[in-house]
Each structure stands twice: as C-alpha cells, then as structure tokens.
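Coordinates as given in target-v6.cif (mmCIF, C-alpha atoms):
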```cif
data_protein
#
loop_
_atom_site.group_PDB
_atom_site.id
_atom_site.type_symbol
_atom_site.label_atom_id
_atom_site.label_comp_id
_atom_site.auth_asym_id
_atom_site.auth_seq_id
_atom_site.Cartn_x
_atom_site.Cartn_y
_atom_site.Cartn_z
ATOM 1 C CA MET A 21 85.918 33.704 115.922
ATOM 2 C CA SER A 22 88.437 33.078 118.689
ATOM 3 C CA ASN A 23 90.507 35.909 120.079
ATOM 4 C CA ASP A 24 93.261 33.518 121.164
ATOM 5 C CA ARG A 25 96.631 34.586 119.805
ATOM 6 C CA SER A 26 99.948 32.813 119.951
ATOM 7 C CA PRO A 27 102.877 34.302 121.842
ATOM 8 C CA ALA A 28 104.594 34.959 118.507
ATOM 9 C CA GLU A 29 101.579 36.956 117.313
ATOM 10 C CA LEU A 30 101.676 38.991 120.524
ATOM 11 C CA GLU A 31 105.350 39.996 120.209
ATOM 12 C CA PHE A 32 104.444 42.948 117.964
ATOM 13 C CA ASP A 33 101.951 44.193 120.580
ATOM 14 C CA PHE A 34 104.549 43.722 123.315
ATOM 15 C CA ALA A 35 107.074 45.855 121.423
ATOM 16 C CA ALA A 36 104.453 48.596 120.972
ATOM 17 C CA VAL A 37 103.502 48.472 124.660
ATOM 18 C CA ALA A 38 107.172 48.629 125.690
ATOM 19 C CA ARG A 39 107.668 51.724 123.505
ATOM 20 C CA VAL A 40 104.635 53.431 125.059
ATOM 21 C CA ALA A 41 105.897 52.524 128.534
ATOM 22 C CA SER A 42 109.330 54.012 127.843
ATOM 23 C CA GLU A 43 107.796 57.163 126.336
ATOM 24 C CA GLY A 44 105.620 57.468 129.423
ATOM 25 C CA GLY A 45 108.639 57.735 131.665
ATOM 26 C CA SER A 46 109.297 54.100 132.582
ATOM 27 C CA GLN A 47 112.963 53.446 133.112
ATOM 28 C CA ALA A 48 114.806 51.457 130.467
ATOM 29 C CA THR A 49 115.530 48.800 133.105
ATOM 30 C CA ALA A 50 111.895 48.587 134.243
ATOM 31 C CA LEU A 51 110.067 45.351 133.639
ATOM 32 C CA THR A 52 107.069 45.511 131.328
ATOM 33 C CA THR A 53 104.457 42.783 131.509
ATOM 34 C CA MET A 54 101.689 42.379 128.954
ATOM 35 C CA LEU A 55 98.566 40.308 129.512
ATOM 36 C CA HIS A 56 96.405 38.972 126.688
ATOM 37 C CA ILE A 57 93.090 37.352 127.616
ATOM 38 C CA GLY A 58 91.934 34.955 124.931
ATOM 39 C CA ASP A 59 88.950 32.647 124.812
ATOM 40 C CA GLU A 60 90.854 29.564 125.979
ATOM 41 C CA HIS A 61 94.163 30.937 127.299
ATOM 42 C CA VAL A 62 95.835 33.918 128.898
ATOM 43 C CA VAL A 63 99.289 34.774 127.581
ATOM 44 C CA VAL A 64 101.674 36.766 129.785
ATOM 45 C CA LEU A 65 104.801 38.270 128.223
ATOM 46 C CA SER A 66 107.451 40.070 130.319
ATOM 47 C CA GLY A 67 110.729 41.725 129.595
ATOM 48 C CA GLN A 68 112.901 44.795 129.596
ATOM 49 C CA GLY A 69 113.087 46.690 126.363
ATOM 50 C CA ASP A 70 110.946 45.868 123.357
ATOM 51 C CA GLU A 71 111.368 42.069 123.305
ATOM 52 C CA SER A 72 109.789 39.718 125.804
ATOM 53 C CA GLU A 73 112.147 37.613 127.884
ATOM 54 C CA THR A 74 109.546 35.277 129.378
ATOM 55 C CA VAL A 75 106.292 33.969 127.970
ATOM 56 C CA HIS A 76 103.659 32.048 129.934
ATOM 57 C CA ARG A 77 100.440 30.561 128.649
ATOM 58 C CA LEU A 78 97.764 29.853 131.255
ATOM 59 C CA ASP A 79 94.594 27.776 130.876
ATOM 60 C CA LEU A 80 92.564 30.769 131.955
ATOM 61 C CA GLY A 81 90.642 32.056 128.950
ATOM 62 C CA ALA A 82 87.306 33.841 129.310
ATOM 63 C CA ALA A 83 85.261 31.255 127.366
ATOM 64 C CA ARG A 84 87.032 28.395 129.172
ATOM 65 C CA ILE A 85 86.157 29.810 132.587
ATOM 66 C CA ALA A 86 82.535 30.403 131.563
ATOM 67 C CA ARG A 87 82.201 26.901 130.100
ATOM 68 C CA ASP A 88 83.974 25.065 132.917
ATOM 69 C CA HIS A 89 82.737 27.009 135.948
ATOM 70 C CA PHE A 90 79.495 28.881 135.231
ATOM 71 C CA HIS A 91 76.445 26.655 134.963
ATOM 72 C CA HIS A 92 73.752 29.188 135.933
ATOM 73 C CA ASP A 93 72.735 32.584 134.518
ATOM 74 C CA PRO A 94 73.756 34.572 136.403
ATOM 75 C CA PRO A 95 76.479 32.405 137.941
ATOM 76 C CA THR A 96 75.996 31.506 141.585
ATOM 77 C CA SER A 97 78.346 32.893 144.213
ATOM 78 C CA ARG A 98 79.790 29.386 144.639
ATOM 79 C CA GLU A 99 80.524 29.142 140.890
ATOM 80 C CA ILE A 100 82.179 32.552 140.935
ATOM 81 C CA GLU A 101 84.247 31.609 143.967
ATOM 82 C CA ARG A 102 85.393 28.380 142.293
ATOM 83 C CA ALA A 103 86.316 30.287 139.131
ATOM 84 C CA ILE A 104 88.301 32.801 141.195
ATOM 85 C CA ASP A 105 90.081 29.964 143.033
ATOM 86 C CA PHE A 106 90.914 28.314 139.704
ATOM 87 C CA GLY A 107 92.228 31.625 138.347
ATOM 88 C CA GLU A 108 94.372 32.193 141.420
ATOM 89 C CA GLU A 109 95.844 28.683 141.113
ATOM 90 C CA GLU A 110 96.725 29.283 137.464
ATOM 91 C CA ILE A 111 98.287 32.665 138.261
ATOM 92 C CA MET A 112 100.351 31.084 141.049
ATOM 93 C CA ARG A 113 102.034 28.949 138.368
ATOM 94 C CA LEU A 114 103.784 32.145 137.280
ATOM 95 C CA GLY A 115 105.615 32.302 140.598
ATOM 96 C CA ARG A 116 106.354 35.401 142.595
ATOM 97 C CA PRO A 117 107.307 38.368 140.408
ATOM 98 C CA ALA A 118 110.958 39.336 140.668
ATOM 99 C CA ASP A 119 110.069 42.997 140.179
ATOM 100 C CA VAL A 120 106.918 44.027 142.019
ATOM 101 C CA THR A 121 107.158 47.461 140.393
ATOM 102 C CA ALA A 122 106.522 46.004 136.944
ATOM 103 C CA THR A 123 103.944 47.772 134.835
ATOM 104 C CA LEU A 124 101.121 45.510 133.662
ATOM 105 C CA TRP A 125 99.632 46.267 130.259
ATOM 106 C CA SER A 126 96.924 44.579 128.267
ATOM 107 C CA THR A 127 95.657 44.724 124.719
ATOM 108 C CA ALA A 128 92.664 42.546 125.639
ATOM 109 C CA PRO A 129 89.348 44.006 124.468
ATOM 110 C CA ALA A 130 87.725 42.413 127.545
ATOM 111 C CA LEU A 131 89.570 44.862 129.808
ATOM 112 C CA ARG A 132 88.596 48.053 127.952
ATOM 113 C CA ALA A 133 85.378 48.428 129.948
ATOM 114 C CA TRP A 134 87.335 48.102 133.207
ATOM 115 C CA SER A 135 89.844 50.720 132.124
ATOM 116 C CA LEU A 136 87.032 53.177 131.368
ATOM 117 C CA VAL A 137 85.934 52.910 135.000
ATOM 118 C CA SER A 138 89.246 52.319 136.785
ATOM 119 C CA GLY A 139 91.595 54.329 134.620
ATOM 120 C CA PRO A 140 94.635 53.127 132.684
ATOM 121 C CA THR A 141 96.189 51.262 135.604
ATOM 122 C CA MET A 142 94.817 48.833 138.155
ATOM 123 C CA THR A 143 96.179 47.972 141.542
ATOM 124 C CA ILE A 144 95.712 44.559 143.086
ATOM 125 C CA GLU A 145 93.248 46.215 145.451
ATOM 126 C CA ILE A 146 91.085 47.407 142.522
ATOM 127 C CA VAL A 147 91.029 43.930 140.975
ATOM 128 C CA GLU A 148 90.086 42.419 144.351
ATOM 129 C CA LEU A 149 87.315 45.039 144.708
ATOM 130 C CA TRP A 150 85.903 44.127 141.273
ATOM 131 C CA PHE A 151 85.901 40.432 142.175
ATOM 132 C CA GLN A 152 84.144 41.230 145.462
ATOM 133 C CA ARG A 153 81.504 43.299 143.626
ATOM 134 C CA LEU A 154 80.934 40.443 141.195
ATOM 135 C CA ALA A 155 80.550 37.942 144.024
ATOM 136 C CA SER A 156 78.199 40.311 145.887
ATOM 137 C CA ALA A 157 76.065 40.817 142.798
ATOM 138 C CA SER A 158 75.652 37.057 142.477
ATOM 139 C CA LEU A 159 74.268 36.975 146.028
ATOM 140 C CA GLY A 160 71.681 39.624 145.147
#
```

Structure rendered as structure tokens:
Amino acid sequence: MSNDRSPAELEFDFAAVARVASEGGSQATALTTMLHIGDEHVVVLSGQGDESETVHRLDLGAARIARDHFHHDPPTSREIERAIDFGEEEIMRLGRPADVTATLWSTAPALRAWSLVSGPTMTIEIVELWFQRLASASLG
C-alpha cells in the first residue's frame, strides 16, 4: 500500500500542524511548512494560518529513490551520493525560502525514528550530519 497522499488529502494535516505551531508559541504571521514523504513523491505545503498558500510536489519519494538510485544492498557510497545530489536538485526547484525562520513539520512515518534521536526539530546541520553518517556507513 502506497503512502503517497495528494495535496488535498494533506490539507487537514496542515491545518492541525498550524494549530499546534500557534499553540506552541509561533507567531500568527510565522510561516509553517509541512513535509510529507510518500513512496513516489514529497509534498511540501507552506502558509500562514491554517491553510496552505503554496503546494509543491517533488519527484523525491522514498521508494522512487531506492528504485532509481540504490542497486546494491547496502547501497554503495557512490549510489548514496547520487541520490543525495538528485534530492538536492529536486529541493532546489522550490527556490530560496522567503522566510528562513519557517518551522518545518512532518507527518511522515519515515521521520519518526529520526525525531526520536534528534528531537522534535532538525537543523540543516543535523540533516547534513545524518547524510554524512549514512555515506560513512556505506564506506564501512
């Protein structure tokens, strides 16, 4: 069963995340961004308040990356590097964020394990560290 969901299906989750963000002290004018990692796509919704203002769908799903980039078990460091490069190219399609103080949220089950280790928020540095650890593990 695929865990891909349409942007319309994710609007309810976005509203819930926005409410939690505002209850947690985020300003009403703060930008909330929600990330959903599906099997074939990543959906990114952003907005102020409880309705998204922008929706992006990237060809960056977990199963898609595994199928298109990982041909060994475990993946080689070169395969991981190519997958990271592909991911970075897809993310660049979003453009530079207008509000670098935006809070990023996710309802993706794939990120629950990360949040148990890293806590409820992740900086860019933490994500880069996880990628580096993954690449190092592939080298042995």

Which residues are close to Ser26 (chain A), i.e. within 12 Å by only C-alpha atoms, leaving aside same-chain residues fewer than 2 positions away? Reply as a CSV table (one decimal) with C-alpha atoms, in the coordinates of the input.
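Result file is selection27.csv:
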```csv
chain,number,residue,atom,x,y,z
A,22,SER,CA,88.4,33.1,118.7
A,23,ASN,CA,90.5,35.9,120.1
A,24,ASP,CA,93.3,33.5,121.2
A,28,ALA,CA,104.6,35.0,118.5
A,29,GLU,CA,101.6,37.0,117.3
A,30,LEU,CA,101.7,39.0,120.5
A,31,GLU,CA,105.4,40.0,120.2
A,32,PHE,CA,104.4,42.9,118.0
A,33,ASP,CA,102.0,44.2,120.6
A,56,HIS,CA,96.4,39.0,126.7
A,57,ILE,CA,93.1,37.4,127.6
A,58,GLY,CA,91.9,35.0,124.9
A,60,GLU,CA,90.9,29.6,126.0
A,61,HIS,CA,94.2,30.9,127.3
A,62,VAL,CA,95.8,33.9,128.9
A,63,VAL,CA,99.3,34.8,127.6
A,64,VAL,CA,101.7,36.8,129.8
A,65,LEU,CA,104.8,38.3,128.2
A,75,VAL,CA,106.3,34.0,128.0
A,76,HIS,CA,103.7,32.0,129.9
A,77,ARG,CA,100.4,30.6,128.6
A,78,LEU,CA,97.8,29.9,131.3
```

Would you translate the PyMOL selection byres ((chain A and resi 99) around 12) into the concrete set of residues it matches in this file, as an MDAnalysis selection string?
chainID A and resid 85:98 100:106 154:155 158:159

Nearest to Leu124 (chain A) by atom-to-atom distance, counting all atoms listed in the file, from A:Met112, A:Met54, A:Val40, A:Ala35
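Closest to Leu124 (chain A), using all atoms listed in the file: A:Met54.
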
Which residue is closest to Val37 (chain A)? Choose from A:Glu148, A:Asp70, A:Asp59, A:Glu108 and count all atoms listed in the file.
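The shortest atom-to-atom distance to Val37 (chain A) comes from A:Asp70.
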
Atom pair CA of Ala50 (chain A) / CA of Glu71 (chain A): separation (Å)
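For CA of Ala50 (chain A) relative to CA of Glu71 (chain A), the distance reads 12.7 Å.
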
Take every atom of region 50-64 of chain A listed in the file, pad by 3 Å on each side, and give me the axis-aligned box centre and edge lengths in Å, one decimal, as JSON.
```
{"center_x": 100.4, "center_y": 39.1, "center_z": 129.5, "size_x": 28.9, "size_y": 25.0, "size_z": 15.4}
```

Between CA of Gly67 (chain A) and CA of Leu55 (chain A), what distance in Å does the model show, to one decimal?
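That distance, rounded to one decimal, is 12.2 Å.
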
Record the distance separating CA of Leu51 (chain A) and CA of Ala38 (chain A), expressed in Å with one decimal.
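CA of Ala38 (chain A) lies at a distance of 9.1 Å from CA of Leu51 (chain A).
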
Closest of A:Arg25, A:Glu145, A:Trp150, A:Glu110 to Thr127 (chain A), counting all atoms listed in the file, is A:Arg25

Can you work out which one of A:Glu109, A:Ser126, A:Thr53, A:Phe151 has the shortest atom-to-atom distance to Leu80 (chain A), counting all atoms listed in the file?
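When distances to Leu80 (chain A) are compared using all atoms listed in the file, the smallest one comes from A:Glu109.
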
Got a moment to write region 52-72 of chain A out with N, CA and C atoms, as a compact mmCIF listing (two decimals), in the first residue's frame?
```txt
# COMPACT_ATOMS: atom_id res chain seq x y z
N THR A 52 4.52 28.39 8.32
CA THR A 52 4.58 26.98 8.67
C THR A 52 4.74 26.20 7.39
N THR A 53 5.66 25.25 7.40
CA THR A 53 5.90 24.40 6.24
C THR A 53 5.78 22.96 6.69
N MET A 54 5.00 22.18 5.94
CA MET A 54 4.81 20.77 6.27
C MET A 54 5.33 19.92 5.12
N LEU A 55 6.07 18.88 5.48
CA LEU A 55 6.68 17.98 4.53
C LEU A 55 6.04 16.61 4.67
N HIS A 56 5.61 16.04 3.55
CA HIS A 56 5.09 14.66 3.57
C HIS A 56 5.92 13.84 2.60
N ILE A 57 6.57 12.79 3.11
CA ILE A 57 7.38 11.91 2.28
C ILE A 57 6.55 10.70 1.92
N GLY A 58 6.21 10.59 0.65
CA GLY A 58 5.48 9.43 0.16
C GLY A 58 6.42 8.45 -0.51
N ASP A 59 5.87 7.42 -1.11
CA ASP A 59 6.69 6.43 -1.80
C ASP A 59 7.28 6.98 -3.09
N GLU A 60 6.49 7.76 -3.83
CA GLU A 60 6.93 8.27 -5.12
C GLU A 60 7.16 9.77 -5.14
N HIS A 61 6.57 10.50 -4.19
CA HIS A 61 6.66 11.96 -4.19
C HIS A 61 6.81 12.51 -2.77
N VAL A 62 7.36 13.71 -2.71
CA VAL A 62 7.36 14.51 -1.49
C VAL A 62 6.44 15.69 -1.77
N VAL A 63 5.55 15.97 -0.82
CA VAL A 63 4.66 17.12 -0.96
C VAL A 63 5.05 18.12 0.13
N VAL A 64 5.22 19.38 -0.26
CA VAL A 64 5.59 20.45 0.66
C VAL A 64 4.49 21.50 0.61
N LEU A 65 3.86 21.73 1.76
CA LEU A 65 2.82 22.74 1.88
C LEU A 65 3.33 23.84 2.81
N SER A 66 3.11 25.10 2.45
CA SER A 66 3.54 26.23 3.28
C SER A 66 2.44 27.27 3.34
N GLY A 67 2.40 27.96 4.47
CA GLY A 67 1.45 29.05 4.59
C GLY A 67 1.45 29.64 5.99
N GLN A 68 0.71 30.72 6.11
CA GLN A 68 0.48 31.35 7.40
C GLN A 68 -0.95 31.07 7.78
N GLY A 69 -1.18 30.73 9.01
CA GLY A 69 -2.52 30.35 9.41
C GLY A 69 -2.74 28.87 9.15
N ASP A 70 -4.00 28.47 9.08
CA ASP A 70 -4.28 27.03 8.97
C ASP A 70 -4.62 26.55 7.56
N GLU A 71 -4.34 27.37 6.54
CA GLU A 71 -4.49 26.93 5.16
C GLU A 71 -3.18 27.16 4.42
N SER A 72 -2.79 26.17 3.63
CA SER A 72 -1.54 26.32 2.88
C SER A 72 -1.74 27.35 1.77
```
